[in-house]
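Structure record follows, encoded as structure tokens.
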Amino acid sequence: MSPSSSSTPGKSSNPDKAGETGKATKAAKATRTAKATSTAKASSAGKAPKAESHLAMVRRARRINRELAEVYPYAHPELDFRNPFELLVATVLSAQTTDLRVNQTTPALFAAYPTPEDMAAAVPEEMEEIIRPTGFFRAKTKSLLGLSAALRDDFGGEVPGRLEDLVKLPGVGRKTANVVLGNAFGVPGITVDTHFGRLVRRWKWTDEEDPVKVEAVVAGIFPKSEWTMLSHRVVFHGRRICHARKPACGACPIAPLCPSYGEGETDPEKARKLLKYEMGGYPGQRLSPPADYPGKPAPALGAG
């Protein structure tokens, strides 16, 4: 069965019920955020906390994951795709650019080259022109041509479902492989991108900088069944609330669990103005988001 990128099993499709649930969820989020901010302010005014044991850190990390699951029950990969090949290509294109820009670019790319065989036979200059908006288009074209040829020649035109096979493809590293495995094949994987690495260090789960080492540490904290969704939740939180330059600490629902509370804006009103995507009432990154996504679809390239 082909993986679905536009729906989530078990979610209600009744619009009235969905609306009521959405209102209740927003109210619950607001309450949690208010309590979180109050508690965090109180704790930050007290004495410096004692050194945290490894067991305490693991318990806190798992609680953060549970809290994020309530805040982002709709967390999902933010790349538009309809099959493993499209997800693989989109993930390669996402290097050094936004998922939004990739999503705005891939419709034309997949219309021109819908299969690995088609893409492997592409004229490089023509592909470069299509993917130019994603940046580094010459290097990315080389990777896409190489991985498509490898899929055609070594894997019968199919994307392999094993990490050791995926990382042999041109332009595919562990991060890309884990994205594909977790979201196209249901194989648990931890995706360590810049957002994930930044947040796990802020939360003091690890001080490692190397993505492979970060992946290994976090894999030891959580059961394998949580790896893929944990990755989505952490990345969602990093993009929407816990930003790199100015985190919206005062609007963060997990503030009491964060040892780095106060690095960003703590005033609730000012913090709310920093929220992005659906949290701030703006479009998300996908042109075709899942049915249960509460935000607005992103505009097509050149629209608006």
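Chain identifiers are assigned as A, B, and so on, following the order in which chains appear in the structure tokens; residues are numbered from 1 within each chain, and ligands are numbered from 1 in order of appearance.
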Legend entry - All helix (DSSP H, G or I) residues (DSSP, backbone) inside segment 31-231 of chain A, as number ranges by chain: A: 31-44, 54-71, 84-93, 99-112, 116-120, 124-134, 137-154, 163-166, 174-184, 194-202, 211-221, 224-231
Legend entry - Residue contacts of Val102 of chain A (8 Å, only C-alpha atoms) excluding same-chain residues fewer than 2 positions away, as a list in words: Leu79, Ala90, Leu93, Ser94, Thr97, Thr98, Asp99, Leu100, Gln104, Thr105, Thr106 and Thr134 of chain A
Which residues are near Arg101 of chain A? Cut-off 12 Å, only C-alpha atoms, ignore same chain within fewer than 6 positions. Put them as a PDB file with C-alpha atoms, in the first residue's frame.
```
ATOM      1  CA  GLU A  78       6.014  19.163   6.322  1.00  0.00           C
ATOM      2  CA  LEU A  79       6.991  18.087   2.829  1.00  0.00           C
ATOM      3  CA  ASP A  80       4.273  17.346   0.272  1.00  0.00           C
ATOM      4  CA  ALA A  90      11.770  16.469  -1.618  1.00  0.00           C
ATOM      5  CA  THR A  91      13.965  15.730   1.389  1.00  0.00           C
ATOM      6  CA  LEU A  93      15.877  19.347  -2.034  1.00  0.00           C
ATOM      7  CA  SER A  94      15.117  20.620   1.485  1.00  0.00           C
ATOM      8  CA  ALA A  95      18.800  21.076   2.350  1.00  0.00           C
ATOM      9  CA  PRO A 107       4.779  20.040  -8.360  1.00  0.00           C
ATOM     10  CA  ILE A 131      14.669  23.424  -8.914  1.00  0.00           C
ATOM     11  CA  ARG A 132      16.533  26.748  -9.005  1.00  0.00           C
ATOM     12  CA  PRO A 133      14.227  28.285  -6.305  1.00  0.00           C
ATOM     13  CA  THR A 134      15.513  25.759  -3.719  1.00  0.00           C
ATOM     14  CA  GLY A 135      19.100  27.002  -3.984  1.00  0.00           C
ATOM     15  CA  GLY A 284       1.826  26.371   7.130  1.00  0.00           C
ATOM     16  CA  GLN A 285       4.547  24.998   4.892  1.00  0.00           C
ATOM     17  CA  ARG A 286       2.509  22.450   2.943  1.00  0.00           C
ATOM     18  CA  LEU A 287       0.400  23.230  -0.099  1.00  0.00           C
ATOM     19  CA  ALA A 298       0.623  27.423   1.951  1.00  0.00           C
ATOM     20  CA  PRO A 299       0.296  29.327  -1.327  1.00  0.00           C
ATOM     21  CA  ALA A 300       1.682  27.965  -4.592  1.00  0.00           C
ATOM     22  CA  LEU A 301       4.872  29.458  -6.013  1.00  0.00           C
ATOM     23  CA  GLY A 302       4.120  32.964  -7.307  1.00  0.00           C
TER      24      GLY A 302
END
```
Inset, instruction - Quick one: everything within 10 Å of segment 172-181 of chain A, counting only C-alpha atoms, minus sequence neighbours fewer than 4 positions away in the same chain. Send it as a PyMOL selection string. - result: chain A and resi 77+83-92+94-95+143-144+147+159-168+185-193+211-212+215+227-228+231-232
Legend entry - Long-range neighbours of Val200 of chain A as a ChimeraX atom specification, 9 Å cut-off, only C-alpha atoms, 6 positions minimum in chain: /A:61,206-207,214,218,234
Using N, CA, C and O atoms, can you write the selected residues to a file as a compact mmCIF listing (two decimals), in the first residue's frame?
```txt
# COMPACT_ATOMS: atom_id res chain seq x y z
N ALA A 61 12.29 14.44 29.94
CA ALA A 61 12.26 14.36 28.48
C ALA A 61 10.99 13.65 28.00
O ALA A 61 10.34 14.10 27.06
N THR A 206 21.06 16.50 25.89
CA THR A 206 22.44 16.21 25.50
C THR A 206 23.13 17.53 25.18
O THR A 206 22.46 18.53 24.91
N ASP A 207 24.46 17.51 25.23
CA ASP A 207 25.21 18.68 24.79
C ASP A 207 25.99 18.37 23.52
O ASP A 207 26.81 19.16 23.07
N VAL A 214 23.83 12.95 18.56
CA VAL A 214 22.54 13.40 19.10
C VAL A 214 21.50 12.31 18.90
O VAL A 214 20.73 11.98 19.82
N VAL A 218 19.41 10.47 22.01
CA VAL A 218 17.95 10.56 22.10
C VAL A 218 17.31 9.20 21.92
O VAL A 218 16.30 8.88 22.56
N VAL A 234 9.08 17.71 17.96
CA VAL A 234 10.18 18.61 18.31
C VAL A 234 10.41 19.63 17.20
O VAL A 234 10.57 20.82 17.46
```
Which neighbours of Cys258 of chain A fall inside 10 Å, counting only C-alpha atoms, when residues of the same chain fewer than 2 positions from it are skipped, and could you give them as a PDB file with N, CA and C atoms, in the first residue's frame?
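Final output, saved to around-v4.pdb:
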```
ATOM      1  N   ALA A  40       6.955  28.817  35.417  1.00  0.00           N
ATOM      2  CA  ALA A  40       8.330  29.048  34.997  1.00  0.00           C
ATOM      3  C   ALA A  40       8.876  30.343  35.582  1.00  0.00           C
ATOM      4  N   ARG A  60      11.876  13.776  32.628  1.00  0.00           N
ATOM      5  CA  ARG A  60      11.469  15.093  32.151  1.00  0.00           C
ATOM      6  C   ARG A  60      11.346  15.085  30.625  1.00  0.00           C
ATOM      7  N   ALA A  61      12.292  14.438  29.944  1.00  0.00           N
ATOM      8  CA  ALA A  61      12.256  14.363  28.481  1.00  0.00           C
ATOM      9  C   ALA A  61      10.993  13.655  28.004  1.00  0.00           C
ATOM     10  N   ILE A  64       8.063  15.913  28.407  1.00  0.00           N
ATOM     11  CA  ILE A  64       8.030  16.913  27.333  1.00  0.00           C
ATOM     12  C   ILE A  64       7.398  16.317  26.086  1.00  0.00           C
ATOM     13  N   LEU A 199      16.785  22.239  20.001  1.00  0.00           N
ATOM     14  CA  LEU A 199      15.865  22.054  21.120  1.00  0.00           C
ATOM     15  C   LEU A 199      16.348  21.019  22.125  1.00  0.00           C
ATOM     16  N   ARG A 202      18.786  22.710  24.242  1.00  0.00           N
ATOM     17  CA  ARG A 202      18.147  23.662  25.157  1.00  0.00           C
ATOM     18  C   ARG A 202      17.475  22.942  26.318  1.00  0.00           C
ATOM     19  N   TRP A 203      16.949  21.766  26.021  1.00  0.00           N
ATOM     20  CA  TRP A 203      16.271  20.993  27.057  1.00  0.00           C
ATOM     21  C   TRP A 203      17.238  20.154  27.887  1.00  0.00           C
ATOM     22  N   LYS A 204      18.540  20.240  27.553  1.00  0.00           N
ATOM     23  CA  LYS A 204      19.585  19.535  28.303  1.00  0.00           C
ATOM     24  C   LYS A 204      19.447  18.017  28.236  1.00  0.00           C
ATOM     25  N   CYS A 249       9.211  32.194  24.805  1.00  0.00           N
ATOM     26  CA  CYS A 249       9.127  31.512  26.106  1.00  0.00           C
ATOM     27  C   CYS A 249       7.802  31.783  26.817  1.00  0.00           C
ATOM     28  N   CYS A 252       5.050  29.459  25.651  1.00  0.00           N
ATOM     29  CA  CYS A 252       5.448  28.054  25.524  1.00  0.00           C
ATOM     30  C   CYS A 252       4.716  27.170  26.527  1.00  0.00           C
ATOM     31  N   PRO A 253       4.009  26.154  26.061  1.00  0.00           N
ATOM     32  CA  PRO A 253       3.244  25.287  26.962  1.00  0.00           C
ATOM     33  C   PRO A 253       4.091  24.325  27.781  1.00  0.00           C
ATOM     34  N   ILE A 254       5.372  24.202  27.455  1.00  0.00           N
ATOM     35  CA  ILE A 254       6.221  23.308  28.246  1.00  0.00           C
ATOM     36  C   ILE A 254       7.274  24.087  29.032  1.00  0.00           C
ATOM     37  N   ALA A 255       7.028  25.370  29.259  1.00  0.00           N
ATOM     38  CA  ALA A 255       7.985  26.224  29.965  1.00  0.00           C
ATOM     39  C   ALA A 255       8.456  25.654  31.308  1.00  0.00           C
ATOM     40  N   PRO A 256       7.564  25.060  32.139  1.00  0.00           N
ATOM     41  CA  PRO A 256       8.029  24.547  33.430  1.00  0.00           C
ATOM     42  C   PRO A 256       9.026  23.401  33.310  1.00  0.00           C
ATOM     43  N   SER A 260      16.006  26.055  29.982  1.00  0.00           N
ATOM     44  CA  SER A 260      16.494  27.250  29.294  1.00  0.00           C
ATOM     45  C   SER A 260      15.438  28.349  29.230  1.00  0.00           C
ATOM     46  N   TYR A 261      14.374  28.205  30.012  1.00  0.00           N
ATOM     47  CA  TYR A 261      13.328  29.227  30.022  1.00  0.00           C
ATOM     48  C   TYR A 261      13.949  30.583  30.348  1.00  0.00           C
ATOM     49  N   GLY A 262      13.569  31.601  29.579  1.00  0.00           N
ATOM     50  CA  GLY A 262      14.091  32.941  29.790  1.00  0.00           C
ATOM     51  C   GLY A 262      15.106  33.359  28.750  1.00  0.00           C
TER      52      GLY A 262
END
```
